[in-house]
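What follows is the content of protein_16.tsv (TSV, C-alpha atoms).
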chain	number	residue	atom	x	y	z
Y	28	MET	CA	-38.04	2.55	-9.74
Y	29	ARG	CA	-35.01	2.90	-11.99
Y	30	PRO	CA	-32.51	1.43	-9.48
Y	31	ARG	CA	-34.75	-1.62	-9.02
Y	32	TRP	CA	-34.98	-2.23	-12.76
Y	33	LEU	CA	-31.23	-1.76	-13.07
Y	34	VAL	CA	-30.53	-4.30	-10.30
Y	35	LEU	CA	-32.96	-6.74	-11.88
Y	36	LEU	CA	-31.25	-6.34	-15.27
Y	37	VAL	CA	-27.82	-6.98	-13.73
Y	38	LEU	CA	-29.11	-10.10	-11.99
Y	39	VAL	CA	-30.59	-11.43	-15.25
Y	40	VAL	CA	-27.25	-10.88	-17.04
Y	41	LEU	CA	-25.31	-12.60	-14.26
Y	42	VAL	CA	-27.68	-15.56	-14.24
Y	43	SER	CA	-27.40	-15.90	-18.00
Y	44	LEU	CA	-23.61	-15.75	-17.83
Y	45	ALA	CA	-23.56	-18.30	-15.03
Y	46	THR	CA	-25.78	-20.59	-17.10
Y	47	THR	CA	-23.48	-20.24	-20.09
Y	48	VAL	CA	-20.40	-20.99	-18.02
Y	49	HIS	CA	-22.09	-23.96	-16.39
Y	50	ALA	CA	-23.09	-25.28	-19.84
Y	51	TRP	CA	-19.48	-25.63	-20.99
Y	52	SER	CA	-18.50	-29.26	-21.25
Y	53	GLN	CA	-15.19	-31.05	-20.95
Y	54	SER	CA	-14.79	-30.98	-24.74
Y	55	ASP	CA	-15.21	-27.18	-24.62
Y	56	PHE	CA	-12.41	-26.97	-22.08
Y	57	GLU	CA	-10.23	-29.10	-24.37
Y	58	ILE	CA	-10.92	-26.70	-27.24
Y	59	PHE	CA	-10.00	-23.74	-25.01
Y	60	ASP	CA	-6.69	-25.39	-24.11
Y	61	LEU	CA	-5.81	-26.18	-27.72
Y	62	VAL	CA	-6.70	-22.66	-28.87
Y	63	ASP	CA	-4.45	-21.14	-26.19
Y	64	GLU	CA	-1.59	-23.54	-26.93
Y	65	LEU	CA	-1.82	-23.00	-30.69
Y	66	GLU	CA	-1.84	-19.20	-30.39
Y	67	LYS	CA	1.07	-19.29	-27.96
Y	68	SER	CA	3.13	-21.60	-30.19
Y	69	GLU	CA	2.24	-20.49	-33.73
Y	70	GLY	CA	0.87	-16.94	-33.38
Y	71	LYS	CA	-2.10	-15.05	-32.05
Y	72	ASP	CA	-4.14	-15.09	-35.28
Y	73	VAL	CA	-3.58	-18.80	-36.02
Y	74	ASN	CA	-6.60	-21.10	-35.77
Y	75	PHE	CA	-7.23	-24.79	-36.48
Y	76	TYR	CA	-8.03	-24.23	-40.18
Y	77	SER	CA	-5.22	-21.79	-40.96
Y	78	TRP	CA	-2.67	-24.04	-39.28
Y	79	LEU	CA	-3.77	-27.01	-41.43
Y	80	ASN	CA	-3.83	-24.68	-44.45
Y	81	VAL	CA	-7.47	-25.48	-45.27
Y	82	LYS	CA	-10.62	-23.38	-45.50
Y	83	SER	CA	-13.28	-23.33	-42.79
Y	84	THR	CA	-15.64	-24.99	-45.29
Y	85	ALA	CA	-13.24	-27.89	-45.96
Y	86	THR	CA	-14.67	-31.40	-45.97
Y	87	ILE	CA	-13.45	-34.30	-43.85
Y	88	PRO	CA	-11.41	-35.77	-46.76
Y	89	ASP	CA	-9.76	-32.37	-47.23
Y	90	ILE	CA	-8.90	-32.28	-43.53
Y	91	ASN	CA	-7.50	-35.84	-43.68
Y	92	ARG	CA	-5.24	-34.98	-46.64
Y	93	ALA	CA	-4.02	-31.84	-44.86
Y	94	TYR	CA	-3.37	-33.91	-41.74
Y	95	ARG	CA	-1.24	-36.49	-43.62
Y	96	LYS	CA	0.77	-33.73	-45.23
Y	97	MET	CA	1.22	-31.86	-41.94
Y	98	SER	CA	2.12	-34.99	-39.97
Y	99	LEU	CA	4.96	-35.81	-42.37
Y	100	LYS	CA	6.26	-32.28	-41.90
Y	101	LEU	CA	6.01	-32.25	-38.10
Y	102	HIS	CA	6.98	-35.85	-37.33
Y	103	PRO	CA	9.54	-35.95	-34.46
Y	104	ASP	CA	11.88	-38.26	-36.44
Y	105	LYS	CA	12.32	-35.53	-39.05
Y	106	ASN	CA	12.70	-32.78	-36.45
Y	107	LYS	CA	15.13	-34.26	-33.93
Y	108	GLU	CA	16.77	-30.91	-33.29
Y	109	ASP	CA	13.44	-29.30	-32.39
Y	110	PRO	CA	12.72	-29.85	-28.65
Y	111	LYS	CA	9.03	-29.03	-29.19
Y	112	ALA	CA	8.51	-31.39	-32.14
Y	113	ARG	CA	6.71	-34.06	-30.11
Y	114	GLU	CA	4.49	-31.44	-28.49
Y	115	ARG	CA	3.49	-29.96	-31.87
Y	116	PHE	CA	2.90	-33.41	-33.38
Y	117	ALA	CA	0.63	-34.42	-30.47
Y	118	ARG	CA	-1.26	-31.12	-30.77
Y	119	LEU	CA	-1.85	-31.79	-34.45
Y	120	GLY	CA	-3.51	-35.11	-33.66
Y	121	LYS	CA	-5.81	-33.51	-31.05
Y	122	ILE	CA	-6.86	-30.69	-33.39
Y	123	VAL	CA	-7.67	-33.07	-36.26
Y	124	GLY	CA	-9.60	-35.28	-33.84
Y	125	ILE	CA	-11.81	-32.32	-32.82
Y	126	LEU	CA	-12.39	-31.33	-36.47
Y	127	ARG	CA	-13.42	-34.89	-37.26
Y	128	ASN	CA	-15.66	-35.59	-34.27
Y	129	ASP	CA	-16.68	-32.28	-32.67
Y	130	ARG	CA	-16.36	-29.78	-35.48
Y	131	GLU	CA	-19.70	-28.12	-34.85
Y	132	ARG	CA	-18.66	-27.11	-31.36
Y	133	TYR	CA	-15.33	-25.70	-32.56
Y	134	ASP	CA	-17.06	-23.76	-35.34
Y	135	PHE	CA	-19.23	-22.09	-32.71
Y	136	PHE	CA	-16.15	-20.67	-30.93
Y	137	TYR	CA	-14.44	-20.03	-34.29
Y	138	LYS	CA	-17.28	-17.71	-35.34
Y	139	ASN	CA	-18.17	-16.16	-31.96
Y	140	GLY	CA	-14.73	-16.11	-30.35
Y	141	VAL	CA	-13.32	-18.03	-27.42
Y	142	PRO	CA	-14.57	-16.58	-24.09
Y	143	ARG	CA	-12.02	-14.75	-21.97
Y	144	TRP	CA	-13.57	-15.81	-18.67
Y	145	ARG	CA	-14.18	-19.55	-18.51
Y	146	GLY	CA	-15.16	-20.04	-14.91
Y	147	THR	CA	-13.16	-20.49	-11.71
Y	148	GLY	CA	-13.27	-24.28	-12.04
Y	149	TYR	CA	-11.48	-24.14	-15.39
Y	150	TYR	CA	-8.63	-21.96	-14.14
Y	151	TYR	CA	-8.31	-23.72	-10.80
Y	152	SER	CA	-8.07	-27.15	-12.48
Y	153	ARG	CA	-5.10	-25.83	-14.49
Y	154	PHE	CA	-3.38	-24.06	-11.63
Y	155	ARG	CA	-1.48	-26.15	-9.08
Y	156	PRO	CA	0.23	-23.87	-6.56
Y	157	GLY	CA	3.22	-25.23	-4.69
Y	158	LEU	CA	3.92	-25.10	-0.97
Y	159	GLY	CA	6.13	-22.03	-1.33
Y	160	PHE	CA	3.47	-20.13	-3.25
Y	161	VAL	CA	0.80	-21.02	-0.68
Y	162	ALA	CA	3.07	-19.94	2.21
Y	163	LEU	CA	3.93	-16.66	0.48
Y	164	PHE	CA	0.27	-16.02	-0.31
Y	165	LEU	CA	-0.76	-16.59	3.33
Y	166	ILE	CA	2.03	-14.31	4.57
Y	167	LEU	CA	0.99	-11.52	2.20
Y	168	VAL	CA	-2.71	-11.87	3.04
Y	169	SER	CA	-2.19	-11.96	6.82
Y	170	GLY	CA	0.30	-9.08	6.67
Y	171	GLY	CA	-2.06	-7.02	4.54
Y	172	MET	CA	-4.92	-7.65	6.95
Y	173	GLU	CA	-2.74	-6.64	9.92
Y	174	TYR	CA	-1.69	-3.45	8.16
Y	175	LEU	CA	-5.28	-2.66	7.23
Y	176	ALA	CA	-6.41	-3.24	10.83
Y	177	GLY	CA	-3.66	-0.87	11.98
Y	178	TRP	CA	-4.94	1.87	9.69
Y	179	ILE	CA	-8.52	1.30	10.86
Y	180	ASN	CA	-7.49	1.59	14.53
Y	181	TYR	CA	-5.41	4.67	13.69
Y	182	ARG	CA	-8.37	6.40	12.04
Y	183	GLN	CA	-10.72	5.46	14.87
Y	184	GLU	CA	-8.33	6.78	17.54
Y	185	LYS	CA	-7.86	10.07	15.71
Y	186	SER	CA	-11.63	10.41	15.34
Y	187	ARG	CA	-12.08	9.78	19.07
Y	188	ILE	CA	-9.55	12.49	19.96
Y	189	LYS	CA	-11.19	14.92	17.56
Y	190	ARG	CA	-14.54	14.28	19.24
Y	191	LEU	CA	-12.96	15.06	22.63
Y	192	LEU	CA	-11.58	18.31	21.26
Y	193	GLU	CA	-14.97	19.21	19.81
Y	194	ASP	CA	-16.66	18.50	23.15
Y	195	ALA	CA	-14.13	20.67	24.97
Y	196	ARG	CA	-14.56	23.53	22.49
Y	197	ALA	CA	-18.34	23.27	22.73
Y	198	ASN	CA	-18.22	23.43	26.55
Y	199	LEU	CA	-15.97	26.47	26.41
Y	200	LEU	CA	-18.13	28.21	23.82
Y	201	ASN	CA	-21.11	27.84	26.16
Y	202	LYS	CA	-19.09	29.85	28.67
Y	203	GLY	CA	-18.13	32.42	26.04
Y	204	ALA	CA	-14.48	31.35	25.79
Y	205	THR	CA	-12.30	29.63	23.20
Y	206	ARG	CA	-9.53	28.45	25.50
Y	207	GLY	CA	-9.23	27.58	29.14
Y	208	ARG	CA	-10.32	24.98	31.65
Y	209	THR	CA	-13.35	22.78	31.25
Y	210	TYR	CA	-14.58	19.23	31.79
Y	211	ILE	CA	-14.86	16.37	29.34
Y	212	GLU	CA	-16.55	13.01	29.68
Y	213	VAL	CA	-14.71	9.79	28.78
Y	214	ASN	CA	-16.45	6.43	29.20
Y	215	GLY	CA	-18.92	7.92	31.66
Y	216	ARG	CA	-16.25	9.64	33.77
Y	217	ALA	CA	-15.68	13.39	33.98
Y	218	PHE	CA	-12.11	14.66	33.73
Y	219	ARG	CA	-10.74	18.12	34.28
Y	220	ALA	CA	-9.22	19.40	31.04
Y	221	GLU	CA	-7.59	22.50	29.63
Y	222	LEU	CA	-7.75	23.52	25.99
Y	223	LYS	CA	-4.38	25.08	25.25
Y	224	GLN	CA	-4.87	25.68	21.54
Y	225	GLN	CA	-7.14	24.62	18.69
Y	226	ASP	CA	-6.00	20.98	18.62
Y	227	THR	CA	-4.22	20.36	21.94
Y	228	LEU	CA	-6.01	19.30	25.12
Y	229	LEU	CA	-4.44	18.77	28.53
Y	230	VAL	CA	-6.39	16.16	30.48
Y	231	HIS	CA	-5.84	15.88	34.26
Y	232	MET	CA	-6.15	12.20	35.10
Y	233	ASP	CA	-6.22	12.76	38.88
Y	234	GLU	CA	-7.35	15.43	41.30
Y	235	SER	CA	-3.81	16.42	42.26
Y	236	GLY	CA	-3.13	17.69	38.75
Y	237	GLU	CA	0.24	15.96	38.54
Y	238	ASP	CA	-0.78	13.28	36.02
Y	239	VAL	CA	-1.45	15.32	32.88
Y	240	VAL	CA	-1.90	13.80	29.43
Y	241	HIS	CA	-1.35	15.82	26.27
Y	242	VAL	CA	-4.10	14.86	23.82
Y	243	ASN	CA	-3.94	15.86	20.17
Y	244	PRO	CA	-4.47	14.04	16.87
Y	245	GLU	CA	-0.74	14.10	16.11
Y	246	SER	CA	0.01	12.01	19.22
Y	247	VAL	CA	-1.61	8.94	17.67
Y	248	GLN	CA	1.00	6.57	16.28
Y	249	PRO	CA	0.36	5.79	12.60
Y	250	PRO	CA	0.79	2.18	11.44
Y	251	SER	CA	4.06	1.08	9.89
Y	252	LEU	CA	5.33	-2.13	8.31
Y	253	SER	CA	7.98	-2.69	10.98
Y	254	ARG	CA	5.55	-2.24	13.90
Y	255	ASN	CA	2.25	-3.66	12.69
Y	256	ILE	CA	3.14	-6.65	10.52
Y	257	PHE	CA	4.08	-9.78	12.46
Y	258	TRP	CA	6.20	-11.28	9.67
Y	259	ILE	CA	8.42	-8.18	9.62
Y	260	ARG	CA	8.37	-7.27	13.32
Y	261	ILE	CA	9.59	-10.66	14.61
Y	262	PRO	CA	12.63	-11.02	12.28
Y	263	LEU	CA	13.70	-7.45	13.08
Y	264	ARG	CA	13.41	-8.19	16.78
Y	265	LEU	CA	15.47	-11.36	16.45
Y	266	LEU	CA	18.14	-9.39	14.59
Y	267	GLY	CA	18.14	-6.76	17.33
Y	268	LYS	CA	16.82	-4.03	15.05
Y	269	GLU	CA	13.93	-2.59	17.00
Y	270	PRO	CA	12.00	0.18	15.21
Y	271	ALA	CA	12.64	3.67	16.49
Y	272	PRO	CA	10.02	4.90	18.98
Y	273	TYR	CA	7.36	7.13	17.59
Y	274	GLN	CA	7.93	10.83	18.23
Y	275	PRO	CA	4.72	12.85	17.84
Y	276	LYS	CA	4.89	16.42	16.66
Y	277	LYS	CA	4.95	18.91	19.51
Y	278	HIS	CA	2.98	22.11	19.36
Y	279	ASP	CA	4.21	25.44	20.66
Y	280	ASP	CA	1.95	25.31	23.70
Y	281	GLU	CA	3.20	21.86	24.62
Y	282	GLU	CA	6.83	22.94	24.33
Y	283	SER	CA	6.20	26.06	26.39
Y	284	THR	CA	4.41	24.00	29.05
Y	285	GLU	CA	7.32	21.57	29.25
Y	286	ASP	CA	9.80	24.47	29.36
Y	287	GLU	CA	7.87	26.11	32.18
Y	288	ALA	CA	7.78	22.84	34.09
Y	289	SER	CA	11.52	22.30	33.64
Y	290	GLN	CA	12.26	25.90	34.60
Y	291	SER	CA	10.14	25.64	37.74
Y	292	GLN	CA	11.89	22.39	38.65
Y	293	ASP	CA	15.28	23.99	38.10
Y	294	THR	CA	14.24	26.97	40.22
Y	295	LYS	CA	13.14	24.72	43.07
Y	296	SER	CA	16.36	22.72	42.93
Y	297	SER	CA	18.44	25.91	42.85
Y	298	LYS	CA	16.58	27.31	45.86
Y	299	LYS	CA	17.21	24.12	47.77
Y	300	GLY	CA	20.89	24.32	46.89
Y	301	LYS	CA	21.07	27.89	48.05
Y	302	LYS	CA	19.47	26.98	51.37
Y	303	LYS	CA	22.06	24.28	51.92
Y	304	ALA	CA	24.91	26.61	51.02
Y	305	VAL	CA	23.87	29.45	53.39
Y	306	LYS	CA	25.48	29.19	56.86
Y	307	LYS	CA	24.54	31.07	59.98
Y	308	PRO	CA	26.90	33.95	60.80
Y	309	THR	CA	29.32	33.63	63.75
Y	310	ILE	CA	30.11	36.38	66.30
Y	311	VAL	CA	33.63	36.70	67.67
Y	312	GLU	CA	33.92	37.70	71.35
Y	313	ASN	CA	36.74	37.98	73.91
Y	314	VAL	CA	36.21	35.22	76.45
Y	315	GLY	CA	38.83	34.83	79.25
Y	316	GLY	CA	41.42	36.85	77.46
Y	317	ARG	CA	41.18	34.64	74.33
Y	318	ARG	CA	39.20	35.09	71.18
Y	319	ARG	CA	36.45	32.40	70.99
Y	320	PRO	CA	33.77	32.14	68.30
Y	321	VAL	CA	30.26	31.98	69.64
Y	322	ARG	CA	27.37	30.89	67.46
Y	323	ALA	CA	24.36	33.17	67.37
As structure tokens, the full file:
Amino acid sequence: MRPRWLVLLVLVVLVSLATTVHAWSQSDFEIFDLVDELEKSEGKDVNFYSWLNVKSTATIPDINRAYRKMSLKLHPDKNKEDPKARERFARLGKIVGILRNDRERYDFFYKNGVPRWRGTGYYYSRFRPGLGFVALFLILVSGGMEYLAGWINYRQEKSRIKRLLEDARANLLNKGATRGRTYIEVNGRAFRAELKQQDTLLVHMDESGEDVVHVNPESVQPPSLSRNIFWIRIPLRLLGKEPAPYQPKKHDDEESTEDEASQSQDTKSSKKGKKKAVKKPTIVENVGGRRRPVRA
């Protein structure tokens, strides 16, 4: 029962927050903007009242007198060397207008604090991304998704190979062995296999035994930025800088198997060479008073 009550409580909080966000009006958004601009320009702890040098309980006449005094100080004609004079003077007029006409709403945020999260609509209306930003964002998102898909496929392939190894070990354990020849099933087909060591499986793809595939988790190619991400792979290919081929780690049994195969091939080739080099012996006889070689 506790998880249900907890989920219900979270839903109630989210609904209440959504209602509060939805209840913010355009004048609230204007107050948010002015608060952010004032803190950025004058200081983090500066508010409408402290900037006008009046108390929060000041009357409208007090605010008007402070405005006249402040406007003379901030007028652009008296601050020609200040590039932000017009911006500050315009902000002063907006702040005094809110304190005259919508003071109750500002006092609410003045006492309770301006909310940090103001809704996606508020931030989106103030954010206008350019074409370059949109293109870069799409490239990063698509590249990240490609790289993530590569890691998912990598994990799935390693898991599939591990399952094959487990099946081979289980079949051998039923026979009372830990290594040797057995059969594994792949997609409904049975293949002859040989477990060489704990994590290496030789799978015979045909009956002749010539087409042998070394299967181990290390043979799976891990994802990389130069191979899996389109936006990196294509420029490298155009520049002629192909990524180096993946070289899986070889186990001792694999190396010994390859050495044996190469040695046997060398032995066969050497035997053939010896057969070609050996000539049949010739017998020398006296024929008609002259020495003539006769082949045996």
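Atom to atom, CA of Arg254 in chain Y and CA of Val213 in chain Y stand 27.9 Å apart.
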**Message:** Just to confirm, what's the straight-line distance from CA of Asp89 in chain Y to CA of Leu101 in chain Y in Å (one decimal)?
**Reply:** 18.2 Å
**Asked** For the atom pair CA of Arg219 in chain Y and CA of Ser186 in chain Y, what is the interatomic distance in Å to one decimal place?
**Response**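 One can read the CA of Arg219 in chain Y to CA of Ser186 in chain Y distance as 20.5 Å.
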**Message:** At a cut-off of 10 Å, using only C-alpha atoms, what residues contact Trp178 in chain Y? Leave out same-chain residues fewer than 4 positions from it and give the result as an MDAnalysis selection string.
**Reply:** chainID Y and resid 172:174 182:184 249:251 255
Could you give me, as a Markdown table, a per-residue list for range 137-249 of chain Y showing, wherever an atom lies at most 12 Å from an atom of range 260-275 of chain Y, the closest pair of atoms and their distance in Å to one decimal, using all atoms listed in the file and sorting by chain then residue number from low to high?
| residue | atom | partner | partner_atom | distance |
| --- | --- | --- | --- | --- |
| Y:Gly170 | CA | Y:Arg260 | CA | 10.6 |
| Y:Glu173 | CA | Y:Arg260 | CA | 11.6 |
| Y:Tyr174 | CA | Y:Arg260 | CA | 11.9 |
| Y:His241 | CA | Y:Pro275 | CA | 10.8 |
| Y:Val242 | CA | Y:Pro275 | CA | 10.8 |
| Y:Asn243 | CA | Y:Pro275 | CA | 9.5 |
| Y:Pro244 | CA | Y:Pro275 | CA | 9.3 |
| Y:Glu245 | CA | Y:Pro275 | CA | 5.9 |
| Y:Ser246 | CA | Y:Pro275 | CA | 5.0 |
| Y:Val247 | CA | Y:Pro275 | CA | 7.4 |
| Y:Gln248 | CA | Y:Tyr273 | CA | 6.5 |
| Y:Pro249 | CA | Y:Tyr273 | CA | 8.7 |
**Prompt:** Any idea what's packed within 8 Å of range 127-136 of chain Y, counting all atoms listed in the file, ignoring anything in its chain fewer than 4 positions away? Could you give it as a PyMOL selection string?
**Reply:** chain Y and resi 55+58+87+123+140-141
**Prompt:** Nearest to Met232 in chain Y among Y:Ile188, Y:Val62, Y:Ala220, Y:Val73, with distances taken over all atoms listed in the file: which residue is it?
**Reply:**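 Using all atoms listed in the file, the shortest distance to Met232 in chain Y belongs to Y:Ala220.
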**Fill in**
Using all atoms listed in the file, the best pick from Y:Leu229, Y:Ile259, Y:Val81, Y:Ile122 as closest to Leu167 in chain Y would be Y:Ile259
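For the set Y:Asp238, Y:Pro110, Y:Leu199, Y:Leu99, the residue with the smallest atom-to-atom gap to Lys223 in chain Y is Y:Leu199, counting all atoms listed in the file.
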**Asked** Any idea what's packed within 10 Å of range 113-120 of chain Y, counting only C-alpha atoms, ignoring anything in its chain fewer than 6 positions away? Could you give it as a ChimeraX atom specification?
**Response** /Y:61,64-65,68-69,75,78-79,94,97-104,106-107
